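Q: Input: one structure, supplied below.
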Amino acid sequence: MKSFLAMLLAVVLVFGVTSVFSAPAADSTPVTATTSALATSPHFDVDAATNTYMSQLSPEARANSDAYFEGGYWLVLWDCLWALGVAWLLLGTQLSVRMRNLAERITRFLWLQTAIYAIQYIVLTSLLTLPWNIYEDYVREHKYGLSTQDFAQWSGDQVKGLIVALILGTVALVIVYAVIRKATRTWWLWGSLVAIVFMMFVGTTAPVYIAPVFNTYTSLPDSQLKSQILSMARANGIPATNVYEFDASKQSKRISANVSGMFGTTRISLNDNLMNRSTPAEIKAVLGHEMGHYVLNHVYKGLVFFAVIIVIGFAFVYWSFGWVMRRWGTGWDIRDPGDVAGLPLFAALFTIFVFVLTPVTNTITRSAEAEADAFGINAARQPDGFAEAAVQLSEYRKMHPGPIEEFVFFDHPSGWNRIHRAMVWKAEHLDDADIRALQVITPVTSR
Ligand SMILES: [Zn+2]
């Protein structure tokens, strides 16, 4: 589902569900922290400590994660080209016009015509992107050992995703097209406002209503760890009274957690991979990071950033729509921007816009992630747990990219950067009693 709506949803989910520390557990590379000796020495060497963590990964493991992540750079391009190909097919073969004509024969109500077209469009584009989707999301994930789903389970999730997209996408398109028809010259502004409000709605309701469609959430049994998590939440003004665990292991090996919700729906959730594959120090470090997203209001700030991007994107579509129509669109039979048969062109133009803006959106997200890292390490005070979690994330994210590479392609700080920052923090806190005590209590940790 590489449609325009799927992209909007993706944007919403990135910032709405702040599920940020997601990664496969490093099961093929057992990690044994050996940095305690470094910490107890009088001269703590940040670079040496960083290198010690980096060296926990075998050259093979590094090569594997580099290949997986670098392959992702190309996927950004192929995703874009595939989406453009689908749009070209719908427009060039007049399939889109026939879908509109069918809708017009069924009903004379404009909004219902849009809805009928939207349903056809979402189903058809999902089918047309299915082969690519199977490769990218199933075959490739299995090739790198990141997925735990068989094909039937994967397909089941795809069907659920399609149903969610059909409901949300149809509603959004009916409203956006009503606006485009009403405000023929200023729809780019009003239309983007609709998209932004829709994004806020999905962002606030998705963790509560959509996430349970895919995973089961259960209350984490009482434990010392749970008390410590809730204590950290109270200390940082997070109004959560319970911690939930969800069964992400049925989909992948990635560890993840999030602090989501607002208006009384605030909840702390962590997945079973994190629970089962990580040490308490790592879990606290990860949750400190997630609490950082909440306390620093990253959902709202993200909405502001992406609202600006959406307005510019709609303005770009408004401007380029007519230009493309004059140049190539004579045979497409699209009447005007308010004609829903032009949706494939709308989606194609927005896809190009999002593609070109990849480094910008990645940098917005990566900056917020770095802020959450800084908050989390101060809240959790677990520099080694944080570094170990960064090592655990390595199987699907390249550990040590060049600066330009990180700027363009990374939506999180690289593993090397995260470990290095954690070690800098540790070097400045070596005299603190709790950091000294950590070295005594947990001289060696292993998963
Ligand atoms: Zn994050």
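By order in the structure tokens, chains are A, B, ...; within a chain, residues start at 1; ligands start at 1, following the order shown.
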Got a sec: who's within 9 Å of Asp333 of chain A, counting only C-alpha atoms, leaving out chain neighbours fewer than 3 positions off, as a short mmCIF file (atom, residue, chain, number, x, y, z; two decimals) with all heavy atoms, in the first residue's frame?

A:
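What follows is the written file around.cif:
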```cif
data_model
loop_
_atom_site.label_atom_id
_atom_site.label_comp_id
_atom_site.auth_asym_id
_atom_site.auth_seq_id
_atom_site.Cartn_x
_atom_site.Cartn_y
_atom_site.Cartn_z
N LEU A 91 -3.68 5.82 -14.98
CA LEU A 91 -4.04 6.97 -15.81
C LEU A 91 -3.96 6.62 -17.29
O LEU A 91 -4.89 6.87 -18.05
CB LEU A 91 -3.10 8.16 -15.50
CG LEU A 91 -3.21 8.76 -14.10
CD1 LEU A 91 -2.05 9.71 -13.83
CD2 LEU A 91 -4.54 9.48 -13.93
N GLN A 94 -6.59 4.45 -18.71
CA GLN A 94 -7.92 5.01 -18.39
C GLN A 94 -8.70 4.14 -17.41
O GLN A 94 -9.92 4.25 -17.31
CB GLN A 94 -8.72 5.22 -19.68
CG GLN A 94 -8.08 6.26 -20.58
CD GLN A 94 -9.12 7.07 -21.32
OE1 GLN A 94 -10.20 6.60 -21.64
NE2 GLN A 94 -8.79 8.32 -21.62
N VAL A 97 -10.37 6.46 -14.96
CA VAL A 97 -11.59 7.09 -15.48
C VAL A 97 -12.75 6.11 -15.46
O VAL A 97 -13.88 6.45 -15.11
CB VAL A 97 -11.34 7.61 -16.92
CG1 VAL A 97 -12.65 7.97 -17.60
CG2 VAL A 97 -10.41 8.81 -16.88
N GLY A 329 -1.37 14.98 -20.02
CA GLY A 329 -2.65 14.44 -19.60
C GLY A 329 -3.79 14.50 -20.60
O GLY A 329 -4.92 14.21 -20.24
N THR A 330 -3.51 14.84 -21.85
CA THR A 330 -4.62 15.04 -22.79
C THR A 330 -5.45 13.78 -22.97
O THR A 330 -6.66 13.85 -23.14
CB THR A 330 -4.10 15.53 -24.16
OG1 THR A 330 -2.90 14.80 -24.46
CG2 THR A 330 -3.81 17.01 -24.14
N ALA A 341 -11.03 11.00 -10.46
CA ALA A 341 -10.25 10.15 -11.38
C ALA A 341 -8.80 10.62 -11.46
O ALA A 341 -7.91 9.90 -11.92
CB ALA A 341 -10.87 10.16 -12.77
N GLY A 342 -8.53 11.85 -10.98
CA GLY A 342 -7.16 12.37 -10.98
C GLY A 342 -6.37 11.98 -9.74
O GLY A 342 -5.21 12.37 -9.60
#
```

Q: Using only C-alpha atoms, determine which residues lie at most 12 Å from Asn133 of chain A, disregarding the query and same-chain residues fewer than 4 positions distant; provide the list as a PyMOL selection string.

A: chain A and resi 1-2+75+78-79+82-83+125-129+137-141+154-155+158

Q: If you keep N, CA, C and O atoms, can you produce a file of those selected residues as a PDB file, in the first residue's frame?

A:
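Dumped everything to again-v2.pdb:
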```pdb
ATOM      1  N   MET A   1       0.826  -1.198   0.000  1.00  0.00           N
ATOM      2  CA  MET A   1       0.000   0.000   0.000  1.00  0.00           C
ATOM      3  C   MET A   1       0.858   1.245   0.000  1.00  0.00           C
ATOM      4  O   MET A   1       1.140   1.823   1.024  1.00  0.00           O
ATOM      5  N   LYS A   2       1.325   1.606  -1.145  1.00  0.00           N
ATOM      6  CA  LYS A   2       2.202   2.764  -1.220  1.00  0.00           C
ATOM      7  C   LYS A   2       1.399   3.987  -1.665  1.00  0.00           C
ATOM      8  O   LYS A   2       1.894   4.864  -2.325  1.00  0.00           O
ATOM      9  N   LEU A  75      15.671   0.969  -1.675  1.00  0.00           N
ATOM     10  CA  LEU A  75      14.217   0.754  -1.567  1.00  0.00           C
ATOM     11  C   LEU A  75      13.460   2.083  -1.590  1.00  0.00           C
ATOM     12  O   LEU A  75      12.353   2.156  -2.106  1.00  0.00           O
ATOM     13  N   TRP A  78      13.155   2.678  -5.237  1.00  0.00           N
ATOM     14  CA  TRP A  78      12.259   1.721  -5.929  1.00  0.00           C
ATOM     15  C   TRP A  78      10.811   1.888  -5.470  1.00  0.00           C
ATOM     16  O   TRP A  78       9.892   1.751  -6.276  1.00  0.00           O
ATOM     17  N   ASP A  79      10.601   2.174  -4.180  1.00  0.00           N
ATOM     18  CA  ASP A  79       9.233   2.423  -3.699  1.00  0.00           C
ATOM     19  C   ASP A  79       8.595   3.552  -4.495  1.00  0.00           C
ATOM     20  O   ASP A  79       7.448   3.467  -4.922  1.00  0.00           O
ATOM     21  N   TRP A  82       8.000   2.483  -8.182  1.00  0.00           N
ATOM     22  CA  TRP A  82       6.880   1.536  -8.287  1.00  0.00           C
ATOM     23  C   TRP A  82       5.544   2.288  -8.171  1.00  0.00           C
ATOM     24  O   TRP A  82       4.615   2.057  -8.939  1.00  0.00           O
ATOM     25  N   ALA A  83       5.485   3.220  -7.204  1.00  0.00           N
ATOM     26  CA  ALA A  83       4.256   3.999  -7.012  1.00  0.00           C
ATOM     27  C   ALA A  83       3.952   4.826  -8.262  1.00  0.00           C
ATOM     28  O   ALA A  83       2.791   4.946  -8.681  1.00  0.00           O
ATOM     29  N   THR A 125      -4.717  -0.423  -5.951  1.00  0.00           N
ATOM     30  CA  THR A 125      -3.308  -0.058  -5.750  1.00  0.00           C
ATOM     31  C   THR A 125      -2.640  -1.021  -4.769  1.00  0.00           C
ATOM     32  O   THR A 125      -1.455  -1.325  -4.905  1.00  0.00           O
ATOM     33  N   SER A 126      -3.404  -1.532  -3.800  1.00  0.00           N
ATOM     34  CA  SER A 126      -2.832  -2.527  -2.882  1.00  0.00           C
ATOM     35  C   SER A 126      -2.454  -3.785  -3.642  1.00  0.00           C
ATOM     36  O   SER A 126      -1.397  -4.372  -3.398  1.00  0.00           O
ATOM     37  N   LEU A 127      -3.309  -4.207  -4.561  1.00  0.00           N
ATOM     38  CA  LEU A 127      -3.015  -5.405  -5.357  1.00  0.00           C
ATOM     39  C   LEU A 127      -1.813  -5.166  -6.280  1.00  0.00           C
ATOM     40  O   LEU A 127      -0.954  -6.035  -6.429  1.00  0.00           O
ATOM     41  N   LEU A 128      -1.763  -3.979  -6.881  1.00  0.00           N
ATOM     42  CA  LEU A 128      -0.679  -3.691  -7.825  1.00  0.00           C
ATOM     43  C   LEU A 128       0.674  -3.555  -7.115  1.00  0.00           C
ATOM     44  O   LEU A 128       1.717  -3.803  -7.715  1.00  0.00           O
ATOM     45  N   THR A 129       0.656  -3.144  -5.851  1.00  0.00           N
ATOM     46  CA  THR A 129       1.928  -3.041  -5.127  1.00  0.00           C
ATOM     47  C   THR A 129       2.230  -4.321  -4.352  1.00  0.00           C
ATOM     48  O   THR A 129       3.290  -4.440  -3.743  1.00  0.00           O
ATOM     49  N   ASP A 137       8.685  -6.593   2.256  1.00  0.00           N
ATOM     50  CA  ASP A 137       8.239  -6.748   3.630  1.00  0.00           C
ATOM     51  C   ASP A 137       8.270  -8.204   4.108  1.00  0.00           C
ATOM     52  O   ASP A 137       8.265  -8.456   5.312  1.00  0.00           O
ATOM     53  N   TYR A 138       8.284  -9.164   3.166  1.00  0.00           N
ATOM     54  CA  TYR A 138       8.280 -10.570   3.589  1.00  0.00           C
ATOM     55  C   TYR A 138       9.588 -11.273   3.207  1.00  0.00           C
ATOM     56  O   TYR A 138      10.354 -11.697   4.058  1.00  0.00           O
ATOM     57  N   VAL A 139       9.863 -11.340   1.898  1.00  0.00           N
ATOM     58  CA  VAL A 139      11.043 -12.086   1.428  1.00  0.00           C
ATOM     59  C   VAL A 139      12.326 -11.494   2.008  1.00  0.00           C
ATOM     60  O   VAL A 139      13.171 -12.199   2.572  1.00  0.00           O
ATOM     61  N   ARG A 140      12.460 -10.193   1.889  1.00  0.00           N
ATOM     62  CA  ARG A 140      13.686  -9.531   2.343  1.00  0.00           C
ATOM     63  C   ARG A 140      13.843  -9.616   3.861  1.00  0.00           C
ATOM     64  O   ARG A 140      14.948  -9.857   4.371  1.00  0.00           O
ATOM     65  N   GLU A 141      12.773  -9.436   4.604  1.00  0.00           N
ATOM     66  CA  GLU A 141      12.835  -9.529   6.066  1.00  0.00           C
ATOM     67  C   GLU A 141      13.257 -10.931   6.506  1.00  0.00           C
ATOM     68  O   GLU A 141      13.982 -11.096   7.487  1.00  0.00           O
ATOM     69  N   TRP A 154       1.625 -13.345   7.818  1.00  0.00           N
ATOM     70  CA  TRP A 154       1.948 -12.058   7.188  1.00  0.00           C
ATOM     71  C   TRP A 154       0.758 -11.564   6.358  1.00  0.00           C
ATOM     72  O   TRP A 154       0.363 -10.401   6.442  1.00  0.00           O
ATOM     73  N   SER A 155       0.173 -12.485   5.586  1.00  0.00           N
ATOM     74  CA  SER A 155      -0.967 -12.110   4.743  1.00  0.00           C
ATOM     75  C   SER A 155      -2.137 -11.640   5.600  1.00  0.00           C
ATOM     76  O   SER A 155      -2.829 -10.678   5.240  1.00  0.00           O
ATOM     77  N   GLN A 158      -1.641  -8.170   6.457  1.00  0.00           N
ATOM     78  CA  GLN A 158      -1.859  -7.315   5.295  1.00  0.00           C
ATOM     79  C   GLN A 158      -3.352  -7.049   5.084  1.00  0.00           C
ATOM     80  O   GLN A 158      -3.749  -5.929   4.761  1.00  0.00           O
TER      81      GLN A 158
END
```

Q: Using DSSP on the backbone coordinates, identify the residues of segment 364-432 of chain A assigned to helix (DSSP H, G or I); present them as an NGL selection string.

A: :A and (364-380 or 383-395 or 403-409 or 415-428)

Q: Identify which of the residues A:Arg267, A:Lys426, A:His293, A:Arg234 lies closest to ligand 1, counting only C-alpha atoms and all ligand atoms when measuring atom-to-atom distances.

A: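 Once distances to ligand 1 are computed over only C-alpha atoms and all ligand atoms, the minimum belongs to A:His293.
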
Q: Would you mind telling me which residue in A:Met291, A:Ile377, A:Ile310, A:Ala315 lies nearest to ligand 1 when using only C-alpha atoms and all ligand atoms?

A: A:Met291

Q: Calculated over only C-alpha atoms and all ligand atoms, which of the candidates A:Ala437, A:Ala368, A:Ile134, A:Ala422 has the smallest distance to ligand 1?

A: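 Smallest separation from ligand 1 among the options: A:Ala368.
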
Q: Would you list the contacts of Ile196 of chain A as a ChimeraX atom specification, taking every protein, DNA or RNA residue within 8 Å and counting only C-alpha atoms, but skipping same-chain residues closer than 3 positions in sequence?

A: /A:192-193,199-200,303,307,310

Q: Could you tell me which of A:Thr170, A:Ser414, A:Ser219, A:Ser394 comes closest to Val340 of chain A if we count only C-alpha atoms?

A: A:Thr170

Q: Which one is closest to ligand 1: A:Pro344, A:Gly331, A:Pro401, A:Gly292? Count only C-alpha atoms and all ligand atoms.

A: A:Gly292

Q: Run DSSP on the backbone of this structure and report the residues of segment 157-306 of chain A it assigns to strand (DSSP E or B), as a VMD selection string.

A: chain A and resid 217 to 219 243 to 246 252 254 to 255 257 to 260 267 to 271

Q: How far is it from atom CA of Ser367 of chain A to atom CA of Ile210 of chain A, in Å with one decimal?

A: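 About the pair atom CA of Ser367 of chain A and atom CA of Ile210 of chain A: they are 26.9 Å apart.
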
Q: Restricting the calculation to only C-alpha atoms and all ligand atoms: of A:Ser231, A:Asn258, A:Asn378, A:Ser320, which residue gets closest to ligand 1?

A: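 Ranked by minimum distance to ligand 1, first place goes to A:Asn258.
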
Q: Considering only C-alpha atoms, return as a list in words whatever protein or nucleic-acid residues lie within 12 Å of Gly402 of chain A, sequence-local ones (same chain, fewer than 6 positions apart) excluded.

A: Val408, Phe409, Phe410, Pro413, Ser414, Trp416 and Asn417 of chain A
